[in-house]
Structures are given as C-alpha cells and as structure tokens.
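Encoded as structure tokens, the structure appears first; notes follow it.
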Amino acid sequence: MLELSPFEAWLRSFKEEQECVLATILPINQLQIEKEPGRLFISKGNLTIGDLGDDEINLRVKEIALRKLYETNPKSETRTFTLPGGKEVHVFIDVYIPPSELMIFGAGHDAMPVAKYAVSLGFKTTLVDQREFYNSEERFPSTNRLIAKTSEFQEKVKIGQRTYIVVMNHHIERDQETLKFVLRSPSPYIGVLGPRSRRVRMLKALEEEGIYFEKEELERMYSPIGLDIGAVSPEEIALSILAEVVAKKNGHTGGFLQDSKYIHKSAETKELV
Amino acid sequence: MYENELIIEAIDRTRKSGRKSALATVVSVGGSAYRREGAKMLVDEEDNMIGMISGGCLESDVAEVAKSVMKSGTPILKTYDLDEDLVWGLGLGCPGTVKIYIEPVEPEAI
C-alpha cells in the first residue's frame with residue numbers, strides 16, 4: 001500500500017472535506033535548515049501520520065489538535081513548546097474545517113441575493129422549496145436545490161452542525177412547518193424573516209398543536225433576522241442576514257468595530273511542555 | 001475557508017502538471033494584519049500566483065522568496081515587520097509582524 005506523507009494526507013482531507021490538522025515544525029534558525037521538517041497530520045477520527053521529532057511534543061500537539069477539531073470556530077496558530085533542556089520548538093498548527101452550509105427555506109425573489117452572497121462567501125448553499133418553477137438553477141446559480149414539501153423534509157433534508165438556516169417562505173403555515181423540523185435539528189443558527197410579532201404568533205400556534213421547544217432550541221432562533229443596518233432593499237436585507245450568519249459562524253457579536261478593542265479574537269500562543 | 005479550497009485545487013493541478021511550486025502560509029501574526037494565521041498563497045515556477053497572504057504588500061516579495069525555495073527545495077520562515085517602513089519604504093501605516101512559512105511543493109511522483 002502506498003504510504004501518504006502528512007502533506008498528502010492533508011491535501012486528501014481537503015478533497016474529501018474531512019476535518020484535520022497539519023502540524024509543522026517551523027525553521028527558526030536558518031542555519032539549521034532541514035529539507036524535511038517534522039510534520040504531523042491528525043484527522044478528526046484520530047488517524048495520525050508523521051512525526052514532530054519528539055514524543056512529548058507529538059502527544060501535546062495531538063491533544064491540542066483534537067481539542068480544536070471539536071471547537072465550533074477553531075483558529076490556526078503557532079504554539080511554542082519548551083523542551084526540558086530549554087530549547088524552544090515552534091509548531092504551526094493548521095486547522096482545516098470544511099466549508100459551512102447555508103440552507104434557505106423559500107425560493108422567492110428576495111432569496112436570490114441571499115443565495116448569491118452566500119455562494120460568494122464560500123457557503124455550500126442549498127435552497128429548499130417545493131415550487132420547481134421558482135427553485136431553479138437559473139434563479140440560483142451554483143447552489144443545490146431541493147424540491148421538497150414540508151412533509152418530505154424528514155426524508156430529504158439533511159442538517160448538520162455547520163448548517164446555518166434561513167427561513168423565508170413568506171408563508172406563515174409553511175414557515176411554521178419548517179420550524180417544527182429545523183428547531184429540532186443540530187443547526188447552530190436558525191434565522192427567520194419577519195417581525196417579532198410573527199415569531200410569537202408562530203410559536204403560539206405550534207404550542208396549540210402541542211409542540212413545545214426547549215430553551216436551548218429557541219436560543220438558536222434569530223427573528224427578526226439580521227444585523228441592524230437599516231436594510232430596506234432585498235440586497236441590503238441579504239447583506240444584513242449574511243453579516244449575522246458570518247458573525248455567528250466566527251463567534252462574534254456584530255456591531256461597529258469603531259469602539260471595540262480588537263478586530264480579531266486572538267488565541268493564546270505560549271505553551272510549556 | 002473557501003479560498004483555501006481554491007489553493008488546494010491549484011496545488012493539485014500544479015503537481016499533476018509536473019511544475020514545481022512553493023506554498024506560503026501565514027503562521028503567526030502580531031498586531032493588526034489583513035490576513036490571519038492559515039492564509040495561503042501558491043506560486044509556481046511560471047510565476048502563477050493564487051491566494052493572498054496580506055493586503056497586497058507582501059505578495060511580490062514572497063513570490064521572490066518562493067523562487068529560491070523552489071530552487072533549493074528547503075522551506076524557510078520569513079518574518080515581516082511592518083513597522084519598519086524604512087525597510088519597505090511603503091509607509092503602510094498598519095503596524096504588525098507577520099511570519100510566513102514558505103515550503104517547496106514537488107510535482108507528483110509518476
């Protein structure tokens with residue numbers, strides 16, 4: 001069997017969209033250059049390939065890698081390890097997380113800019129609507145389209161932990177039926193178009209049907225949807241929605257940077273072995 | 001994330017074509033730099049460049065370093081201190097230190 005190098009295993013993980021980490025020893029002193037620097041590939045399934053040249057560092061990096069692979073928004077970073085003799089080793093830990101998905105329920109006219117911006121931001125974008133005439137490749141280029149009635153969701157629609165959801169059917173019963181399905185899913189974000197009064201009305205109607213949601217399930221429901229940018233046109237509304245989705249994905253709260261202390265959330269970098 | 005997928009595609013294409021290339025990765029950022037850790041750029045021996053590792057100011061220098069990496073076959077770590085506009089003469093006004101790891105990517109063995 002052909003043995004893959006850590007680098008090749010990393011390339012393969014990208015192609016297969018599998019979470020993984022590639023750790024590389026950085027050449028600090030250019031006088032001690034090596035053609036093949038220490039490298040370790042770690043998959044989420046705990047497959048490891050390669051060696052960082054020290055058992056203790058291999059172990060520590062593996063621990064850090066696995067911890068990152070289970071975080072919602074892990075960051076790549078360089079960690080510094082100090083060996084017992086005082087020698088410092090710098091290891092770049094590069095985390096690969098497959099692209100997130102945006103799933104839009106409702107293929108109306110105003111969903112078009114939402115899908116377009118989502119595609120350009122790198123989301124795998126899916127439209128769910130039973131109306132074939134609306135839910136078409138022509139209207140939604142570069143997206144997946146699912147022609148499905150609400151009664152078919154269970155069987156046809158797959159929602160994962162990185163599937164962000166936007167509900168915009170412009171049809172209160174269909175939105176309600178959609179909520180029954182999506183609020184029980186592992187999705188981290190469920191945005192619903194419409195005012196707060198509509199949200200209250202839908203949840204009340206569902207309660208009357210005997211359907212109650214847990215606090216944790218409702219905490220992921222964002223309605224009214226979007227960041228407060230005074231959006232009016234479909235394009236502005238799409239921008240407001242996607243800005244909220246990206247903020248949620250990156251673990252930020254939105255708002256003006258003007259008054260915030262940092263642009264990026266930074267990670268700790270110093271670690272002793 | 002999306003852009004890194006484009007880089008991977010480019011690595012794949014370049015390796016299959018038999019061309020040498022070098023992969024530059026931002027491995028450490030201090031202060032406010034445009035790109036963060038993990039951002040990548042691929043440069044091949046015909047000077048094709050894909051991806052961004054800064055707001056546009058480091059790409060051409062990194063591409064030069066990439067050439068020597070392709071020649072020597074040895075990776076290097078390059079530190080850019082963007083405070084030193086004396087060195088760069090660019091007056092970027094965006095203080096920060098960026099470390100970039102540049103490694104050779106060999107064509108696929110046939």
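Each chain of the structure tokens is named A, B, ... in the order shown, its residues numbered from 1; ligands are numbered from 1 in display order.
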
With a cut-off of 8 Å, could you pull out the residues of chain A touching chain B and give me the nearest pair of atoms for each, distance in Å to one decimal, using only C-alpha atoms, ordered by chain and ascending number, as a Markdown table?
```
| residue | atom | partner | partner_atom | distance |
| --- | --- | --- | --- | --- |
| A:Leu11 | CA | B:Ile8 | CA | 6.6 |
| A:Phe14 | CA | B:Glu5 | CA | 7.0 |
| A:Leu26 | CA | B:Leu77 | CA | 6.8 |
| A:Pro27 | CA | B:Leu77 | CA | 6.1 |
| A:Ile28 | CA | B:Leu77 | CA | 6.9 |
| A:Gln30 | CA | B:Ile76 | CA | 7.1 |
| A:Ile33 | CA | B:Thr74 | CA | 7.2 |
| A:Glu34 | CA | B:Thr74 | CA | 6.7 |
| A:Lys35 | CA | B:Thr74 | CA | 4.8 |
| A:Glu36 | CA | B:Thr74 | CA | 7.7 |
| A:Lys75 | CA | B:Glu37 | CA | 7.6 |
| A:Ser76 | CA | B:Glu37 | CA | 5.6 |
| A:Glu77 | CA | B:Glu37 | CA | 5.9 |
| A:Thr78 | CA | B:Val27 | CA | 6.1 |
| A:Phe92 | CA | B:Val27 | CA | 6.1 |
| A:Asp94 | CA | B:Gly38 | CA | 6.1 |
| A:Val95 | CA | B:Gly38 | CA | 7.8 |
| A:Ile97 | CA | B:Met1 | CA | 7.7 |
| A:Pro98 | CA | B:Met1 | CA | 7.5 |
| A:Pro99 | CA | B:Met1 | CA | 6.2 |
| A:Leu121 | CA | B:Tyr2 | CA | 7.3 |
| A:Gly122 | CA | B:Tyr2 | CA | 4.8 |
| A:Phe123 | CA | B:Tyr2 | CA | 7.8 |
| A:Ile263 | CA | B:Ser32 | CA | 7.6 |
```

### Task
Please provide the set of residues having any atom within 9 Å of Glu45 in chain B, restricted to only C-alpha atoms, with same-chain residues fewer than 4 positions apart removed, written as a list in words.
Arg19, Lys20, Ser21, Ala22, Ala66, Lys67 and Met70 of chain B

Keeping only all heavy atoms, write the selected residues to a file as a tab-separated table (two decimals), in the first residue's frame.
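Writing done, so here's part-v1.tsv:
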```
chain	number	residue	atom	x	y	z
B	19	ARG	N	4.83	20.81	-12.74
B	19	ARG	CA	5.54	22.06	-12.41
B	19	ARG	C	5.90	22.08	-10.93
B	19	ARG	O	5.17	21.56	-10.09
B	19	ARG	CB	4.64	23.27	-12.70
B	19	ARG	CG	4.48	23.59	-14.16
B	19	ARG	CD	3.98	25.01	-14.36
B	19	ARG	NE	2.69	25.27	-13.73
B	19	ARG	CZ	1.52	24.96	-14.28
B	19	ARG	NH1	1.47	24.40	-15.46
B	19	ARG	NH2	0.39	25.24	-13.66
B	20	LYS	N	7.03	22.72	-10.64
B	20	LYS	CA	7.40	22.95	-9.25
B	20	LYS	C	6.62	24.14	-8.73
B	20	LYS	O	6.26	25.04	-9.49
B	20	LYS	CB	8.89	23.29	-9.16
B	20	LYS	CG	9.81	22.10	-9.19
B	20	LYS	CD	11.22	22.60	-8.92
B	20	LYS	CE	12.19	21.43	-8.84
B	20	LYS	NZ	13.53	21.88	-8.51
B	21	SER	N	6.40	24.16	-7.42
B	21	SER	CA	5.75	25.34	-6.84
B	21	SER	C	6.18	25.48	-5.39
B	21	SER	O	6.87	24.62	-4.84
B	21	SER	CB	4.23	25.22	-6.95
B	21	SER	OG	3.77	24.06	-6.29
B	22	ALA	N	5.77	26.59	-4.78
B	22	ALA	CA	6.04	26.80	-3.36
B	22	ALA	C	4.77	27.32	-2.71
B	22	ALA	O	4.04	28.12	-3.30
B	22	ALA	CB	7.18	27.79	-3.18
B	66	ALA	N	9.83	32.61	-2.81
B	66	ALA	CA	9.31	31.31	-3.26
B	66	ALA	C	10.19	30.72	-4.35
B	66	ALA	O	10.43	29.52	-4.39
B	66	ALA	CB	7.87	31.47	-3.74
B	67	LYS	N	10.70	31.57	-5.22
B	67	LYS	CA	11.57	31.10	-6.31
B	67	LYS	C	12.82	30.41	-5.75
B	67	LYS	O	13.22	29.35	-6.23
B	67	LYS	CB	12.01	32.28	-7.19
B	67	LYS	CG	10.97	32.64	-8.22
B	67	LYS	CD	11.50	33.74	-9.12
B	67	LYS	CE	10.34	34.37	-9.89
B	67	LYS	NZ	10.72	35.67	-10.46
B	70	MET	N	11.91	27.08	-4.29
B	70	MET	CA	11.72	26.06	-5.32
B	70	MET	C	13.08	25.53	-5.78
B	70	MET	O	13.24	24.35	-6.03
B	70	MET	CB	10.99	26.65	-6.53
B	70	MET	CG	9.49	26.77	-6.34
B	70	MET	SD	8.73	27.46	-7.83
B	70	MET	CE	8.08	28.99	-7.23
```

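Closest to Lys248 in chain A among A:Ser197, A:Ser5, A:Thr163, A:Thr143 is A:Thr163, based on only C-alpha atoms.
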
### Task
Give me the residues within 7 Å of range 213-223 of chain A as JSON, numbers by chain, counting only C-alpha atoms and dropping any in the same chain fewer than 5 places off.
{"A": [183, 184, 188, 189, 190, 191, 192, 193, 194, 195, 196, 199]}

### Task
Write out as JSON, numbers by chain all residues of range 17-95 of chain B that backbone DSSP assigns to helix (DSSP H, G or I).
{"B": [17, 59, 60, 61, 62, 63, 64, 65, 66, 67, 68, 69, 70, 71, 72, 85, 86, 87, 88]}

Filtering to C-alpha atoms, could you give me those residues as a compact mmCIF listing (two decimals), in the first residue's frame?
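And here's selection_18.txt as it stands now:
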```
# COMPACT_ATOMS: atom_id res chain seq x y z
CA SER B 17 1.22 19.21 -14.46
CA GLU B 59 2.87 39.08 -2.22
CA SER B 60 5.59 40.15 -4.64
CA ASP B 61 8.39 39.75 -2.08
CA VAL B 62 7.08 36.35 -1.01
CA ALA B 63 6.92 35.32 -4.68
CA GLU B 64 10.66 36.16 -4.98
CA VAL B 65 11.48 34.12 -1.88
CA ALA B 66 9.31 31.31 -3.26
CA LYS B 67 11.57 31.10 -6.31
CA SER B 68 14.64 30.45 -4.16
CA VAL B 69 12.67 27.89 -2.12
CA MET B 70 11.72 26.06 -5.32
CA LYS B 71 15.38 26.06 -6.35
CA SER B 72 16.83 24.91 -3.02
CA ASP B 85 8.64 51.28 6.71
CA LEU B 86 12.25 52.34 6.35
CA VAL B 87 13.00 48.88 5.04
CA TRP B 88 9.95 48.71 2.89
```

### Task
Please measure the separation of CA of Lys15 in chain A and CA of Leu23 in chain B, giving the value in Å to one decimal.
17.4 Å

### Asp175 in chain A environment, 12 Å, only C-alpha atoms, sequence neighbours closer than 3 positions dropped, as a ChimeraX atom specification
/A:104-106,128-129,149-150,166-172,178-183,190-194,198-199,201-203,205-206

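The two atoms in question, CA of Ile237 in chain A and CA of Val114 in chain A, are spaced 8.2 Å apart.
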
### Query
Leaving out Asp51 in chain A and any residue of its chain fewer than 6 positions from it, which residues lie within 6 Å of it when counting only C-alpha atoms, given as a PyMOL selection string?
chain A and resi 38-40

I need the residues from that last selection saved to file as a PDB file, in the first residue's frame (with N, CA, C and O atoms), if you can.
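Here's the written file result.pdb:
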```pdb
ATOM      1  N   GLY A  38       9.925  18.346  10.613  1.00  0.00           N
ATOM      2  CA  GLY A  38       8.974  17.484  11.311  1.00  0.00           C
ATOM      3  C   GLY A  38       7.543  17.889  11.015  1.00  0.00           C
ATOM      4  O   GLY A  38       7.213  19.064  11.007  1.00  0.00           O
ATOM      5  N   ARG A  39       6.736  16.899  10.745  1.00  0.00           N
ATOM      6  CA  ARG A  39       5.356  17.170  10.391  1.00  0.00           C
ATOM      7  C   ARG A  39       4.440  16.087  10.928  1.00  0.00           C
ATOM      8  O   ARG A  39       4.809  14.919  10.953  1.00  0.00           O
ATOM      9  N   LEU A  40       3.262  16.500  11.346  1.00  0.00           N
ATOM     10  CA  LEU A  40       2.305  15.530  11.869  1.00  0.00           C
ATOM     11  C   LEU A  40       0.914  15.870  11.356  1.00  0.00           C
ATOM     12  O   LEU A  40       0.463  17.010  11.485  1.00  0.00           O
TER      13      LEU A  40
END
```

### Message
Can you measure CA of Pro234 in chain A to CA of Lys156 in chain A for me? One decimal in Å is fine.
### Response
28.3 Å

Taking 4 positions as the minimum chain separation for residues in the same chain, which residues sit within 6 Å of Lys40 in chain B when counting only C-alpha atoms? Answer as a PDB file with N, CA and C atoms, in the first residue's frame.
```
ATOM      1  N   ALA B  24       3.125  29.308   0.426  1.00  0.00           N
ATOM      2  CA  ALA B  24       3.387  30.248   1.511  1.00  0.00           C
ATOM      3  C   ALA B  24       2.182  30.266   2.439  1.00  0.00           C
ATOM      4  N   THR B  25       2.446  30.150   3.748  1.00  0.00           N
ATOM      5  CA  THR B  25       1.351  30.132   4.729  1.00  0.00           C
ATOM      6  C   THR B  25       1.650  31.132   5.832  1.00  0.00           C
ATOM      7  N   GLY B  51      -4.116  33.135  -4.366  1.00  0.00           N
ATOM      8  CA  GLY B  51      -4.312  33.346  -2.934  1.00  0.00           C
ATOM      9  C   GLY B  51      -3.635  34.611  -2.436  1.00  0.00           C
ATOM     10  N   ILE B  53      -1.762  36.508   1.032  1.00  0.00           N
ATOM     11  CA  ILE B  53      -1.244  36.331   2.385  1.00  0.00           C
ATOM     12  C   ILE B  53      -1.097  37.681   3.089  1.00  0.00           C
TER      13      ILE B  53
END
```
